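Structure file work09.cif (mmCIF, C-alpha atoms) follows.
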data_run
loop_
_atom_site.label_atom_id
_atom_site.label_comp_id
_atom_site.auth_asym_id
_atom_site.auth_seq_id
_atom_site.Cartn_x
_atom_site.Cartn_y
_atom_site.Cartn_z
CA MET U 1 0.27 7.09 15.10
CA THR U 2 -2.43 6.20 12.63
CA PHE U 3 -2.15 6.66 8.89
CA GLU U 4 -4.78 9.42 9.07
CA SER U 5 -2.82 11.32 11.71
CA LEU U 6 0.36 11.06 9.61
CA LYS U 7 -1.25 12.57 6.49
CA PRO U 8 -1.16 16.22 7.69
CA GLU U 9 2.47 15.73 8.73
CA ILE U 10 3.33 14.43 5.25
CA LYS U 11 1.62 17.49 3.70
CA THR U 12 3.54 19.84 6.03
CA ILE U 13 6.87 18.27 5.03
CA VAL U 14 6.04 18.41 1.32
CA LEU U 15 5.05 22.09 1.52
CA ASN U 16 8.22 23.12 3.41
CA ASP U 17 10.07 24.78 0.55
CA LYS U 18 12.84 25.92 2.90
CA LEU U 19 14.17 22.37 2.56
CA SER U 20 15.52 20.78 -0.61
CA VAL U 21 13.52 18.01 -2.26
CA ASP U 22 15.96 15.40 -0.93
CA GLU U 23 15.71 16.82 2.59
CA ARG U 24 11.92 16.61 2.42
CA LEU U 25 12.06 13.05 1.12
CA LEU U 26 14.40 12.08 3.95
CA LYS U 27 12.05 13.67 6.51
CA ILE U 28 9.18 11.60 5.08
CA CYS U 29 11.31 8.44 5.42
CA GLU U 30 12.18 9.35 9.00
CA LEU U 31 8.55 10.10 9.88
CA LEU U 32 7.30 6.77 8.51
CA GLU U 33 10.09 4.66 9.99
CA ALA U 34 9.70 6.29 13.42
CA ASN U 35 5.90 6.06 13.60
CA ILE U 36 4.98 2.75 11.97
CA ASP U 37 6.47 -0.11 13.96
CA TYR U 38 6.78 -2.55 11.08
CA TYR U 39 8.37 -0.07 8.63
CA ASN U 40 12.02 -1.01 9.21
CA TRP U 41 13.62 0.38 6.03
CA VAL U 42 11.98 3.24 4.15
CA GLY U 43 13.43 4.73 1.01
CA PHE U 44 12.88 6.20 -2.42
CA TYR U 45 14.21 5.01 -5.77
CA PHE U 46 13.99 7.14 -8.90
CA LYS U 47 14.46 6.52 -12.62
CA ASN U 48 18.13 7.20 -13.40
CA GLY U 49 17.94 9.69 -16.28
CA ASP U 50 17.33 7.93 -19.59
CA LYS U 51 18.68 4.60 -18.34
CA ASN U 52 16.41 1.62 -17.69
CA GLU U 53 17.43 1.52 -14.06
CA LEU U 54 16.53 2.94 -10.68
CA LYS U 55 18.86 5.01 -8.51
CA LEU U 56 18.61 5.07 -4.73
CA GLY U 57 17.38 8.33 -3.25
CA PRO U 58 16.94 9.33 0.39
CA TYR U 59 16.29 6.49 2.84
CA VAL U 60 16.44 5.47 6.49
CA GLY U 61 17.41 2.05 7.78
CA GLU U 62 20.30 -0.32 7.33
CA PRO U 63 22.78 0.72 4.63
CA THR U 64 22.20 -1.00 1.29
CA ASP U 65 24.48 -2.01 -1.57
CA HIS U 66 21.53 -1.70 -3.94
CA THR U 67 22.11 1.86 -5.11
CA ILE U 68 21.32 0.99 -8.75
CA ILE U 69 18.60 -1.51 -9.69
CA PRO U 70 18.00 -2.52 -13.33
CA PHE U 71 14.40 -2.40 -14.52
CA GLY U 72 12.80 -5.82 -14.07
CA LYS U 73 15.20 -6.96 -11.31
CA GLY U 74 13.89 -7.46 -7.79
CA ILE U 75 10.64 -6.05 -6.47
CA CYS U 76 11.59 -2.43 -7.19
CA GLY U 77 12.74 -3.21 -10.72
CA GLN U 78 9.51 -5.07 -11.40
CA VAL U 79 7.41 -2.10 -10.24
CA ALA U 80 9.41 0.16 -12.58
CA VAL U 81 8.16 -2.04 -15.47
CA SER U 82 4.64 -2.97 -14.30
CA ASN U 83 3.62 0.48 -12.97
CA LYS U 84 1.67 -1.35 -10.26
CA ASN U 85 1.89 -1.66 -6.48
CA PHE U 86 3.75 -4.77 -5.34
CA VAL U 87 3.09 -6.20 -1.89
CA VAL U 88 5.29 -9.12 -0.86
CA PRO U 89 4.04 -10.82 2.33
CA ASP U 90 6.98 -13.27 2.37
CA VAL U 91 10.17 -12.31 0.50
CA SER U 92 11.53 -15.86 0.77
CA ALA U 93 8.72 -17.02 -1.53
CA GLN U 94 9.73 -14.59 -4.32
CA ASP U 95 11.94 -15.82 -7.16
CA ASN U 96 12.88 -12.34 -8.40
CA TYR U 97 13.88 -10.79 -5.09
CA ILE U 98 17.07 -8.90 -4.22
CA ALA U 99 17.91 -9.61 -0.58
CA CYS U 100 18.94 -6.49 1.30
CA SER U 101 19.17 -8.03 4.76
CA ILE U 102 18.53 -11.43 6.26
CA THR U 103 16.15 -9.78 8.74
CA VAL U 104 13.73 -8.58 6.02
CA LYS U 105 10.57 -10.69 5.88
CA ALA U 106 8.20 -8.55 3.75
CA GLU U 107 8.31 -5.64 1.31
CA ILE U 108 5.91 -3.13 -0.24
CA VAL U 109 6.71 -0.94 -3.23
CA ILE U 110 4.38 1.79 -4.53
CA PRO U 111 5.15 3.73 -7.74
CA ILE U 112 5.26 7.52 -7.98
CA PHE U 113 3.65 9.02 -11.06
CA VAL U 114 4.26 12.50 -12.48
CA ASN U 115 2.08 13.40 -15.48
CA GLY U 116 1.21 9.71 -15.89
CA GLU U 117 4.86 8.60 -15.99
CA ASN U 118 6.35 6.24 -13.40
CA ILE U 119 9.34 8.27 -12.21
CA GLY U 120 10.15 6.42 -9.01
CA GLN U 121 8.80 4.62 -6.00
CA ILE U 122 8.69 4.32 -2.27
CA ASP U 123 10.14 1.04 -1.01
CA ILE U 124 9.49 -0.29 2.49
CA ASP U 125 11.02 -3.39 4.04
CA SER U 126 9.65 -5.00 7.17
CA ASN U 127 11.25 -7.44 9.59
CA THR U 128 7.70 -8.61 10.41
CA PRO U 129 6.15 -11.36 8.27
CA ASP U 130 3.07 -10.31 6.24
CA PRO U 131 2.43 -6.93 7.97
CA PHE U 132 1.10 -4.91 5.02
CA THR U 133 -2.62 -4.38 4.46
CA GLU U 134 -4.73 -2.50 1.97
CA ALA U 135 -4.59 0.42 4.41
CA ASP U 136 -0.80 0.55 3.94
CA GLU U 137 -1.27 0.60 0.18
CA ARG U 138 -3.81 3.42 0.27
CA PHE U 139 -1.69 5.46 2.70
CA LEU U 140 1.49 4.99 0.66
CA GLU U 141 -0.39 5.93 -2.53
CA PHE U 142 -1.30 9.17 -0.73
CA VAL U 143 2.38 9.68 0.21
CA CYS U 144 3.47 9.09 -3.39
CA ALA U 145 0.86 11.52 -4.73
CA GLU U 146 2.13 14.18 -2.31
CA VAL U 147 5.76 13.49 -3.25
CA ALA U 148 4.87 13.73 -6.97
CA GLN U 149 4.03 17.41 -6.43
CA ILE U 150 7.65 18.28 -5.59
CA ILE U 151 9.57 16.07 -8.02
#
Could you write out this file's structure as structure tokens?
Amino acid sequence: MTFESLKPEIKTIVLNDKLSVDERLLKICELLEANIDYYNWVGFYFKNGDKNELKLGPYVGEPTDHTIIPFGKGICGQVAVSNKNFVVPDVSAQDNYIACSITVKAEIVIPIFVNGENIGQIDIDSNTPDPFTEADERFLEFVCAEVAQII
């Protein structure tokens, strides 16, 4: 499926108030992982209350030990501080990277803003080297904007 064809499906999931927020987030993860070949781990992290750390939310893919990530640590922790998208074409070239799996080659993290505050992010790992383009960034910004409406 193309990014454009996935957008209405994302909107439908977000608007389904018969499901809890976490159930909707998980459905988004499942949709992305199933339809975009190089999205091998898809998950959400959210600010953990008043702490300067992220807490793992719904995800699909290999289980991870990284359920709590301090701000500034790894790609996700850096996005929590910078408030900017972070595209990593080659994780082995990153100094501040938390390895989740030896199969992961690339990562993209896009922040989620609610009322101008960075409250979380979508994190995607790929087993394909350098797969992410500007189209991925724009699409995932759309996903995050949709998710922000239900957080």
Kindly resolve the PyMOL selection byres ((chain U and resi 37) around 10) on the present coordinates and return the residues as a ChimeraX atom specification. /U:1,32-36,38-40,126-128,131
Hits of the PyMOL selection byres ((chain U and resi 100-112) around 9) in this structure, as JSON, numbers by chain: {"U": [40, 41, 46, 62, 63, 64, 65, 66, 75, 76, 79, 80, 83, 84, 85, 86, 87, 88, 89, 90, 91, 92, 98, 99, 113, 114, 117, 118, 119, 120, 121, 122, 123, 124, 125, 126, 127, 128, 129, 130, 131, 132, 136, 137, 140, 141, 143, 144, 145, 147, 148]}
Please produce an output containing C-alpha atoms for each residue in the selection, written as a PDB file, in the frame of the given file.
ATOM      1  CA  ASN U  40      12.020  -1.010   9.210  1.00  0.00           C
ATOM      2  CA  TRP U  41      13.620   0.380   6.030  1.00  0.00           C
ATOM      3  CA  PHE U  46      13.990   7.140  -8.900  1.00  0.00           C
ATOM      4  CA  GLU U  62      20.300  -0.320   7.330  1.00  0.00           C
ATOM      5  CA  PRO U  63      22.780   0.720   4.630  1.00  0.00           C
ATOM      6  CA  THR U  64      22.200  -1.000   1.290  1.00  0.00           C
ATOM      7  CA  ASP U  65      24.480  -2.010  -1.570  1.00  0.00           C
ATOM      8  CA  HIS U  66      21.530  -1.700  -3.940  1.00  0.00           C
ATOM      9  CA  ILE U  75      10.640  -6.050  -6.470  1.00  0.00           C
ATOM     10  CA  CYS U  76      11.590  -2.430  -7.190  1.00  0.00           C
ATOM     11  CA  VAL U  79       7.410  -2.100 -10.240  1.00  0.00           C
ATOM     12  CA  ALA U  80       9.410   0.160 -12.580  1.00  0.00           C
ATOM     13  CA  ASN U  83       3.620   0.480 -12.970  1.00  0.00           C
ATOM     14  CA  LYS U  84       1.670  -1.350 -10.260  1.00  0.00           C
ATOM     15  CA  ASN U  85       1.890  -1.660  -6.480  1.00  0.00           C
ATOM     16  CA  PHE U  86       3.750  -4.770  -5.340  1.00  0.00           C
ATOM     17  CA  VAL U  87       3.090  -6.200  -1.890  1.00  0.00           C
ATOM     18  CA  VAL U  88       5.290  -9.120  -0.860  1.00  0.00           C
ATOM     19  CA  PRO U  89       4.040 -10.820   2.330  1.00  0.00           C
ATOM     20  CA  ASP U  90       6.980 -13.270   2.370  1.00  0.00           C
ATOM     21  CA  VAL U  91      10.170 -12.310   0.500  1.00  0.00           C
ATOM     22  CA  SER U  92      11.530 -15.860   0.770  1.00  0.00           C
ATOM     23  CA  ILE U  98      17.070  -8.900  -4.220  1.00  0.00           C
ATOM     24  CA  ALA U  99      17.910  -9.610  -0.580  1.00  0.00           C
ATOM     25  CA  PHE U 113       3.650   9.020 -11.060  1.00  0.00           C
ATOM     26  CA  VAL U 114       4.260  12.500 -12.480  1.00  0.00           C
ATOM     27  CA  GLU U 117       4.860   8.600 -15.990  1.00  0.00           C
ATOM     28  CA  ASN U 118       6.350   6.240 -13.400  1.00  0.00           C
ATOM     29  CA  ILE U 119       9.340   8.270 -12.210  1.00  0.00           C
ATOM     30  CA  GLY U 120      10.150   6.420  -9.010  1.00  0.00           C
ATOM     31  CA  GLN U 121       8.800   4.620  -6.000  1.00  0.00           C
ATOM     32  CA  ILE U 122       8.690   4.320  -2.270  1.00  0.00           C
ATOM     33  CA  ASP U 123      10.140   1.040  -1.010  1.00  0.00           C
ATOM     34  CA  ILE U 124       9.490  -0.290   2.490  1.00  0.00           C
ATOM     35  CA  ASP U 125      11.020  -3.390   4.040  1.00  0.00           C
ATOM     36  CA  SER U 126       9.650  -5.000   7.170  1.00  0.00           C
ATOM     37  CA  ASN U 127      11.250  -7.440   9.590  1.00  0.00           C
ATOM     38  CA  THR U 128       7.700  -8.610  10.410  1.00  0.00           C
ATOM     39  CA  PRO U 129       6.150 -11.360   8.270  1.00  0.00           C
ATOM     40  CA  ASP U 130       3.070 -10.310   6.240  1.00  0.00           C
ATOM     41  CA  PRO U 131       2.430  -6.930   7.970  1.00  0.00           C
ATOM     42  CA  PHE U 132       1.100  -4.910   5.020  1.00  0.00           C
ATOM     43  CA  ASP U 136      -0.800   0.550   3.940  1.00  0.00           C
ATOM     44  CA  GLU U 137      -1.270   0.600   0.180  1.00  0.00           C
ATOM     45  CA  LEU U 140       1.490   4.990   0.660  1.00  0.00           C
ATOM     46  CA  GLU U 141      -0.390   5.930  -2.530  1.00  0.00           C
ATOM     47  CA  VAL U 143       2.380   9.680   0.210  1.00  0.00           C
ATOM     48  CA  CYS U 144       3.470   9.090  -3.390  1.00  0.00           C
ATOM     49  CA  ALA U 145       0.860  11.520  -4.730  1.00  0.00           C
ATOM     50  CA  VAL U 147       5.760  13.490  -3.250  1.00  0.00           C
ATOM     51  CA  ALA U 148       4.870  13.730  -6.970  1.00  0.00           C
TER      52      ALA U 148
END
Please report the interatomic distance between atom CA of U:Tyr59 and atom CA of U:Asp95 in Å with one decimal.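 Going from atom CA of U:Tyr59 over to atom CA of U:Asp95, I get 24.8 Å.
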Selection dump of the PyMOL selection byres ((chain U and resi 56) around 8), as number ranges by chain: U: 43-46, 54-55, 57-58, 66-68
Just checking: using only C-alpha atoms, which residue out of U:Lys47, U:Ala93, U:Val60, U:Glu53 ends up closest to U:Leu25?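 Comparing U:Lys47, U:Ala93, U:Val60, U:Glu53 against U:Leu25, the winner is U:Val60.
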Point-to-point distance in Å for atom CA of U:Asn115 and atom CA of U:Gly72: 22.1 Å
As an exercise, work out the distance from atom CA of U:Val14 to atom CA of U:Gly61 in Å and give it to one decimal place.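 Distance reported for this atom pair: 20.9 Å.
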Tell me which of U:Cys29, U:Lys73, U:Val81, U:Phe3 sits closest to U:Thr133, counting all atoms listed in the file. U:Phe3
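Counting only C-alpha atoms and comparing U:Phe139, U:Ile151, U:Pro70, U:Gly116, the residue that lies closest to U:Ile10 is U:Phe139.
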